[in-house]
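One file, my_file.cif, is given below (mmCIF, C-alpha atoms).
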```cif
data_coords
#
loop_
_atom_site.group_PDB
_atom_site.id
_atom_site.type_symbol
_atom_site.label_atom_id
_atom_site.label_comp_id
_atom_site.auth_asym_id
_atom_site.auth_seq_id
_atom_site.Cartn_x
_atom_site.Cartn_y
_atom_site.Cartn_z
ATOM 1 C CA MET A 4 -8.178 -7.660 -12.479
ATOM 2 C CA SER A 5 -7.923 -11.057 -10.787
ATOM 3 C CA GLY A 6 -6.578 -12.763 -7.719
ATOM 4 C CA TRP A 7 -2.959 -13.809 -7.299
ATOM 5 C CA PRO A 8 -2.100 -15.721 -10.517
ATOM 6 C CA LYS A 9 -0.620 -19.192 -10.567
ATOM 7 C CA PRO A 10 2.605 -19.667 -12.582
ATOM 8 C CA SER A 11 1.995 -20.376 -16.257
ATOM 9 C CA PHE A 12 4.458 -23.280 -16.216
ATOM 10 C CA GLN A 13 5.593 -25.902 -13.718
ATOM 11 C CA ALA A 14 8.904 -27.178 -12.308
ATOM 12 C CA THR A 15 9.281 -29.695 -15.154
ATOM 13 C CA ASP A 16 8.752 -27.210 -18.006
ATOM 14 C CA TRP A 17 12.445 -26.592 -18.638
ATOM 15 C CA THR A 18 15.460 -28.658 -19.697
ATOM 16 C CA LEU A 19 19.042 -28.592 -18.408
ATOM 17 C CA HIS A 20 21.312 -29.608 -21.291
ATOM 18 C CA HIS A 21 24.759 -29.184 -19.734
ATOM 19 C CA THR A 22 26.482 -28.057 -16.518
ATOM 20 C CA GLU A 23 30.090 -26.980 -16.081
ATOM 21 C CA ARG A 24 31.649 -25.995 -12.738
ATOM 22 C CA MET A 25 33.453 -22.689 -13.281
ATOM 23 C CA ALA A 26 34.640 -21.970 -9.747
ATOM 24 C CA SER A 27 34.742 -23.924 -6.499
ATOM 25 C CA GLY A 28 35.859 -22.084 -3.380
ATOM 26 C CA PHE A 29 34.002 -20.519 -0.477
ATOM 27 C CA PHE A 30 31.075 -20.470 -2.932
ATOM 28 C CA GLN A 31 30.584 -22.266 -6.249
ATOM 29 C CA LEU A 32 29.721 -21.008 -9.726
ATOM 30 C CA ASP A 33 28.231 -23.187 -12.464
ATOM 31 C CA GLN A 34 27.707 -22.415 -16.141
ATOM 32 C CA LEU A 35 24.468 -23.956 -17.357
ATOM 33 C CA THR A 36 23.073 -24.563 -20.837
ATOM 34 C CA LEU A 37 19.276 -24.694 -20.669
ATOM 35 C CA SER A 38 15.999 -24.103 -22.460
ATOM 36 C CA HIS A 39 12.515 -23.471 -21.082
ATOM 37 C CA ALA A 40 8.884 -23.251 -22.171
ATOM 38 C CA GLY A 41 7.820 -19.884 -23.563
ATOM 39 C CA TYR A 42 4.708 -17.716 -23.608
ATOM 40 C CA GLU A 43 4.710 -16.975 -27.352
ATOM 41 C CA VAL A 44 7.000 -19.735 -28.588
ATOM 42 C CA ALA A 45 7.144 -23.393 -27.629
ATOM 43 C CA SER A 46 10.733 -23.211 -26.360
ATOM 44 C CA VAL A 47 13.148 -20.430 -25.393
ATOM 45 C CA GLY A 48 16.835 -21.294 -25.835
ATOM 46 C CA PRO A 49 19.145 -23.109 -25.608
ATOM 47 C CA MET A 50 20.924 -20.383 -23.673
ATOM 48 C CA SER A 51 23.944 -20.098 -21.394
ATOM 49 C CA ARG A 52 23.542 -18.813 -17.833
ATOM 50 C CA GLU A 53 25.881 -18.612 -14.831
ATOM 51 C CA LEU A 54 24.441 -19.804 -11.506
ATOM 52 C CA PHE A 55 25.856 -18.823 -8.116
ATOM 53 C CA ILE A 56 25.516 -21.935 -5.934
ATOM 54 C CA ARG A 57 24.659 -21.530 -2.246
ATOM 55 C CA GLU A 58 23.333 -23.890 0.384
ATOM 56 C CA PRO A 59 20.087 -22.911 2.143
ATOM 57 C CA ALA A 60 20.482 -20.327 4.898
ATOM 58 C CA VAL A 61 18.501 -19.053 7.852
ATOM 59 C CA VAL A 62 17.855 -15.530 9.095
ATOM 60 C CA VAL A 63 16.536 -14.991 12.635
ATOM 61 C CA ILE A 64 14.730 -11.862 13.837
ATOM 62 C CA LEU A 65 15.529 -11.658 17.565
ATOM 63 C CA LEU A 66 13.252 -9.585 19.802
ATOM 64 C CA ASP A 67 13.561 -9.067 23.556
ATOM 65 C CA PRO A 68 9.926 -8.325 24.487
ATOM 66 C CA GLN A 69 10.836 -7.097 27.979
ATOM 67 C CA ARG A 70 13.031 -4.346 26.538
ATOM 68 C CA ASP A 71 11.067 -3.887 23.285
ATOM 69 C CA ALA A 72 14.462 -4.200 21.643
ATOM 70 C CA LEU A 73 16.135 -6.196 18.904
ATOM 71 C CA VAL A 74 19.355 -8.191 19.070
ATOM 72 C CA MET A 75 21.331 -7.547 15.880
ATOM 73 C CA VAL A 76 24.849 -8.182 14.644
ATOM 74 C CA GLU A 77 27.354 -5.978 12.860
ATOM 75 C CA GLN A 78 29.926 -7.481 10.517
ATOM 76 C CA PHE A 79 32.004 -6.861 7.392
ATOM 77 C CA ARG A 80 30.464 -7.706 3.990
ATOM 78 C CA ILE A 81 32.695 -7.963 0.905
ATOM 79 C CA GLY A 82 29.831 -7.279 -1.524
ATOM 80 C CA VAL A 83 29.349 -3.819 -0.046
ATOM 81 C CA ALA A 84 33.093 -3.175 0.093
ATOM 82 C CA MET A 85 33.244 -3.822 -3.675
ATOM 83 C CA SER A 86 30.126 -1.764 -4.439
ATOM 84 C CA PRO A 87 30.335 1.470 -6.455
ATOM 85 C CA LEU A 88 28.479 3.184 -3.587
ATOM 86 C CA ASP A 89 30.348 4.787 -0.700
ATOM 87 C CA ASP A 90 28.576 2.749 1.998
ATOM 88 C CA SER A 91 30.373 1.276 4.979
ATOM 89 C CA PRO A 92 30.815 -2.476 4.438
ATOM 90 C CA TRP A 93 30.049 -3.097 8.122
ATOM 91 C CA LEU A 94 26.317 -3.862 8.101
ATOM 92 C CA MET A 95 23.688 -4.106 10.812
ATOM 93 C CA GLU A 96 21.927 -7.417 10.229
ATOM 94 C CA TRP A 97 19.905 -10.187 11.797
ATOM 95 C CA VAL A 98 21.646 -13.337 12.939
ATOM 96 C CA ALA A 99 22.085 -15.496 9.834
ATOM 97 C CA GLY A 100 24.017 -18.486 8.597
ATOM 98 C CA ILE A 101 24.242 -21.354 6.140
ATOM 99 C CA CYS A 102 22.721 -24.726 7.024
ATOM 100 C CA ASP A 103 25.314 -27.401 7.698
ATOM 101 C CA PRO A 104 24.910 -30.748 5.858
ATOM 102 C CA GLY A 105 22.114 -32.776 7.460
ATOM 103 C CA GLU A 106 20.987 -29.840 9.603
ATOM 104 C CA THR A 107 17.373 -28.640 9.585
ATOM 105 C CA PRO A 108 16.708 -24.894 9.299
ATOM 106 C CA ILE A 109 15.480 -24.759 12.913
ATOM 107 C CA GLU A 110 18.661 -26.483 14.099
ATOM 108 C CA THR A 111 20.675 -23.950 12.113
ATOM 109 C CA ALA A 112 18.698 -21.119 13.689
ATOM 110 C CA HIS A 113 19.491 -22.321 17.226
ATOM 111 C CA ARG A 114 23.170 -22.854 16.393
ATOM 112 C CA GLU A 115 23.669 -19.528 14.628
ATOM 113 C CA VAL A 116 21.900 -17.519 17.360
ATOM 114 C CA PHE A 117 24.224 -18.989 19.973
ATOM 115 C CA GLU A 118 27.382 -18.694 17.846
ATOM 116 C CA GLU A 119 26.725 -15.084 16.810
ATOM 117 C CA THR A 120 25.220 -13.634 20.002
ATOM 118 C CA GLY A 121 25.785 -16.042 22.912
ATOM 119 C CA VAL A 122 22.000 -16.318 23.379
ATOM 120 C CA ARG A 123 20.375 -19.725 23.863
ATOM 121 C CA LEU A 124 16.786 -19.810 22.621
ATOM 122 C CA ASP A 125 14.302 -21.412 25.015
ATOM 123 C CA GLY A 126 11.634 -22.344 22.482
ATOM 124 C CA ALA A 127 11.506 -23.119 18.786
ATOM 125 C CA PRO A 128 11.773 -20.088 16.509
ATOM 126 C CA GLN A 129 8.643 -19.278 14.501
ATOM 127 C CA HIS A 130 9.078 -19.873 10.770
ATOM 128 C CA LEU A 131 7.731 -16.866 8.869
ATOM 129 C CA PHE A 132 8.462 -17.706 5.228
ATOM 130 C CA THR A 133 11.063 -18.983 2.788
ATOM 131 C CA TYR A 134 12.209 -16.870 -0.140
ATOM 132 C CA TYR A 135 14.745 -16.575 -2.962
ATOM 133 C CA PRO A 136 16.878 -13.435 -2.405
ATOM 134 C CA SER A 137 18.338 -13.337 -5.939
ATOM 135 C CA PRO A 138 16.526 -15.846 -8.190
ATOM 136 C CA GLY A 139 17.905 -14.394 -11.416
ATOM 137 C CA GLY A 140 21.380 -15.761 -10.716
ATOM 138 C CA SER A 141 21.458 -17.908 -7.564
ATOM 139 C CA ASN A 142 19.719 -20.974 -6.131
ATOM 140 C CA GLU A 143 19.980 -19.622 -2.564
ATOM 141 C CA LEU A 144 16.989 -20.132 -0.241
ATOM 142 C CA ILE A 145 16.473 -18.036 2.884
ATOM 143 C CA HIS A 146 14.370 -19.421 5.755
ATOM 144 C CA LEU A 147 13.230 -16.420 7.822
ATOM 145 C CA PHE A 148 12.475 -17.025 11.500
ATOM 146 C CA TYR A 149 11.283 -14.933 14.434
ATOM 147 C CA ALA A 150 12.217 -15.646 18.048
ATOM 148 C CA CYS A 151 11.957 -13.995 21.443
ATOM 149 C CA CYS A 152 15.108 -13.823 23.524
ATOM 150 C CA ASP A 153 16.681 -12.380 26.655
ATOM 151 C CA ALA A 154 19.156 -9.696 25.620
ATOM 152 C CA ASP A 155 20.919 -9.998 28.988
ATOM 153 C CA GLN A 156 22.508 -13.190 27.624
ATOM 154 C CA ILE A 157 24.334 -11.517 24.747
ATOM 155 C CA GLN A 158 28.076 -11.412 24.320
ATOM 156 C CA ASP A 159 29.367 -8.072 23.047
ATOM 157 C CA TYR A 160 31.658 -9.717 20.487
ATOM 158 C CA CYS A 161 31.451 -13.132 18.852
ATOM 159 C CA SER A 162 33.734 -14.947 16.443
ATOM 160 C CA GLN A 163 34.287 -18.465 15.156
ATOM 161 C CA ALA A 164 37.869 -19.706 15.099
ATOM 162 C CA GLY A 165 38.989 -20.605 11.593
ATOM 163 C CA GLU A 166 36.014 -18.936 9.874
ATOM 164 C CA HIS A 167 37.349 -15.349 9.872
ATOM 165 C CA GLU A 168 34.063 -14.329 11.500
ATOM 166 C CA ASP A 169 34.291 -11.096 13.486
ATOM 167 C CA ILE A 170 30.949 -9.948 14.941
ATOM 168 C CA LYS A 171 29.816 -7.120 17.191
ATOM 169 C CA VAL A 172 26.433 -7.642 18.892
ATOM 170 C CA HIS A 173 23.986 -4.759 19.385
ATOM 171 C CA VAL A 174 20.768 -4.336 21.359
ATOM 172 C CA VAL A 175 18.679 -1.833 19.386
ATOM 173 C CA ALA A 176 15.391 -0.245 20.460
ATOM 174 C CA LEU A 177 12.600 -1.452 18.175
ATOM 175 C CA ASP A 178 11.419 2.124 17.544
ATOM 176 C CA ALA A 179 14.945 3.165 16.547
ATOM 177 C CA ALA A 180 15.250 0.233 14.148
ATOM 178 C CA LEU A 181 11.918 1.014 12.489
ATOM 179 C CA ASP A 182 12.931 4.668 12.208
ATOM 180 C CA ALA A 183 16.213 3.591 10.557
ATOM 181 C CA LEU A 184 14.148 1.576 8.065
ATOM 182 C CA MET A 185 11.895 4.520 7.218
ATOM 183 C CA THR A 186 14.811 6.947 6.841
ATOM 184 C CA GLY A 187 16.788 4.716 4.466
ATOM 185 C CA GLN A 188 19.577 3.761 6.872
ATOM 186 C CA VAL A 189 18.985 0.014 6.376
ATOM 187 C CA ASN A 190 20.518 -1.234 3.129
ATOM 188 C CA ASN A 191 20.413 -5.038 3.076
ATOM 189 C CA ALA A 192 17.461 -7.115 1.935
ATOM 190 C CA ALA A 193 16.980 -9.534 4.828
ATOM 191 C CA THR A 194 17.058 -6.750 7.418
ATOM 192 C CA ILE A 195 14.609 -4.640 5.410
ATOM 193 C CA ILE A 196 12.245 -7.615 5.007
ATOM 194 C CA GLY A 197 12.430 -8.455 8.719
ATOM 195 C CA LEU A 198 11.829 -4.892 9.850
ATOM 196 C CA GLN A 199 8.881 -4.569 7.477
ATOM 197 C CA TRP A 200 7.433 -7.769 8.950
ATOM 198 C CA LEU A 201 7.863 -6.356 12.456
ATOM 199 C CA ALA A 202 6.182 -3.094 11.429
ATOM 200 C CA MET A 203 3.206 -5.042 10.043
ATOM 201 C CA ASN A 204 2.915 -7.417 13.000
#
```
Let me see whether you can do it: turn the structure in this file into structure tokens.
Amino acid sequence: MSGWPKPSFQATDWTLHHTERMASGFFQLDQLTLSHAGYEVASVGPMSRELFIREPAVVVILLDPQRDALVMVEQFRIGVAMSPLDDSPWLMEWVAGICDPGETPIETAHREVFEETGVRLDGAPQHLFTYYPSPGGSNELIHLFYACCDADQIQDYCSQAGEHEDIKVHVVALDAALDALMTGQVNNAATIIGLQWLAMN
């Protein structure tokens, strides 16, 4: 038994031989040919892998401390609609969005909170951590933030013209949200991670 181990290899211990853009639409898909250092052999590969390309995104946990309640959004998600499970594709989530070019994650957090809920944050959101939601097939980075807000500012429905964004805003009691987590009613990664952080803190 030991402490938390450092990675065996570093960011330079792999080689990208070739990249081909396979799809370019709302998202992009690249086919890569690569090789990397190995544990029992000097080099693994060359191999072909598809990579789902996404710009960095932010997720914001919004808590109204006066109400002990969370501000969350409900919206349609195509990945769930196309799932083999019989889940509703309308998910309860935190405010989230992709960083615009030249925009810092904190700037994105402020913009997305206002666009998706109507709430203007008074102070800077607290950065909790940055993580890879699906590192086996995507380069996406998620910057997770926490912020206090006044739920009286919310708009019941929010949408962005031209983006096909259709959002319903909810104010949810913190206890009810944590109970939903423990009873398996929450089924998306960022919301689970955020609720677990709230339960621990």
For the file shown, report as a VMD selection string the outcome of the PyMOL selection byres ((chain A and resi 152-163) around 9) at residue level. chain A and resid 65 to 70 72 to 74 117 to 125 150 to 151 164 to 174
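If only C-alpha atoms are the atoms counted, then among A:Pro92, A:Pro128, A:Gly41, A:Gly197 the closest residue to Gln78 in chain A is A:Pro92.
Ranking A:Val47, A:Ile145, A:Leu131, A:Cys102 by their shortest atom-to-atom distance to Trp200 in chain A, with only C-alpha atoms included, puts A:Leu131 first.
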Carefully work through the PyMOL selection byres ((chain A and resi 7-15) around 9) for this structure and note down the residues it includes, as a compact mmCIF listing (two decimals) with C-alpha atoms, in the frame of the given file.
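Generated output (selection.txt):
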```
# COMPACT_ATOMS: atom_id res chain seq x y z
CA SER A 5 -7.92 -11.06 -10.79
CA GLY A 6 -6.58 -12.76 -7.72
CA ASP A 16 8.75 -27.21 -18.01
CA TRP A 17 12.44 -26.59 -18.64
CA THR A 18 15.46 -28.66 -19.70
CA ALA A 40 8.88 -23.25 -22.17
CA GLY A 41 7.82 -19.88 -23.56
CA TYR A 42 4.71 -17.72 -23.61
```
Residue by residue, what does the PyMOL selection byres ((chain A and resi 133) around 8) grab here? Present the result as a list in words. Leu131, Phe132, Tyr134, Tyr135, Leu144, Ile145, His146 and Leu147 of chain A
Could you check how far CA of Asp33 in chain A sits from CA of Gly82 in chain A, in Å to one decimal? 19.4 Å
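Shell of Ala180 in chain A at 9 Å, with all atoms listed in the file counted and residues fewer than 3 places along the chain excluded, is Ala72, Leu73, Val175, Ala176, Leu177, Ala183, Leu184, Met185, Val189 and Leu198 of chain A.
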Let me know the centre plus edge lengths, in Å and rounded to one decimal, of a box with edges along x, y and z that contains all listed atoms of range 27-43 of chain A and is padded by 4 Å on every side, as AutoDock Vina command-line options.
```
--center_x 20.3 --center_y -20.8 --center_z -13.9 --size_x 39.2 --size_y 15.7 --size_z 34.9
```
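If you look at CA of Val63 in chain A and CA of Asp182 in chain A, they are 20.0 Å away from each other.
The coordinates place CA of Val98 in chain A at 21.1 Å from CA of Ile56 in chain A.
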Close residues, Ile101 in chain A itself excluded, 12 Å, only C-alpha atoms, min 5 positions apart in chain, as number ranges by chain: A: 29-30, 57-63, 106-112, 114-115, 143-146
Nearest to Pro136 in chain A: which of A:Asn191, A:Thr22, A:Asn204, A:Gln31 is it, counting all atoms listed in the file? A:Asn191
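Using only C-alpha atoms, the nearest neighbour of Thr36 in chain A within the list A:Gly48, A:Pro138, A:Gly100, A:Pro87 is A:Gly48.
The smallest atom-to-atom distance between Met25 in chain A and any of A:Leu54, A:Val76, A:Leu88, A:Ala179, using only C-alpha atoms, is found for A:Leu54.
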Would you pick out the contacts of Ser91 in chain A at 10 Å or less, using all atoms listed in the file, so that residues sharing its chain but fewer than 5 positions from it are not included, and give the list as a PyMOL selection string? chain A and resi 79-80+83-84+86
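Taking only C-alpha atoms into account, the residues near (20.9, -23.8, -21.0), no farther than 7 Å, are Leu19, His20, His21, Leu35, Thr36, Leu37, Ser38, Gly48, Pro49, Met50, Ser51 and Arg52 of chain A.
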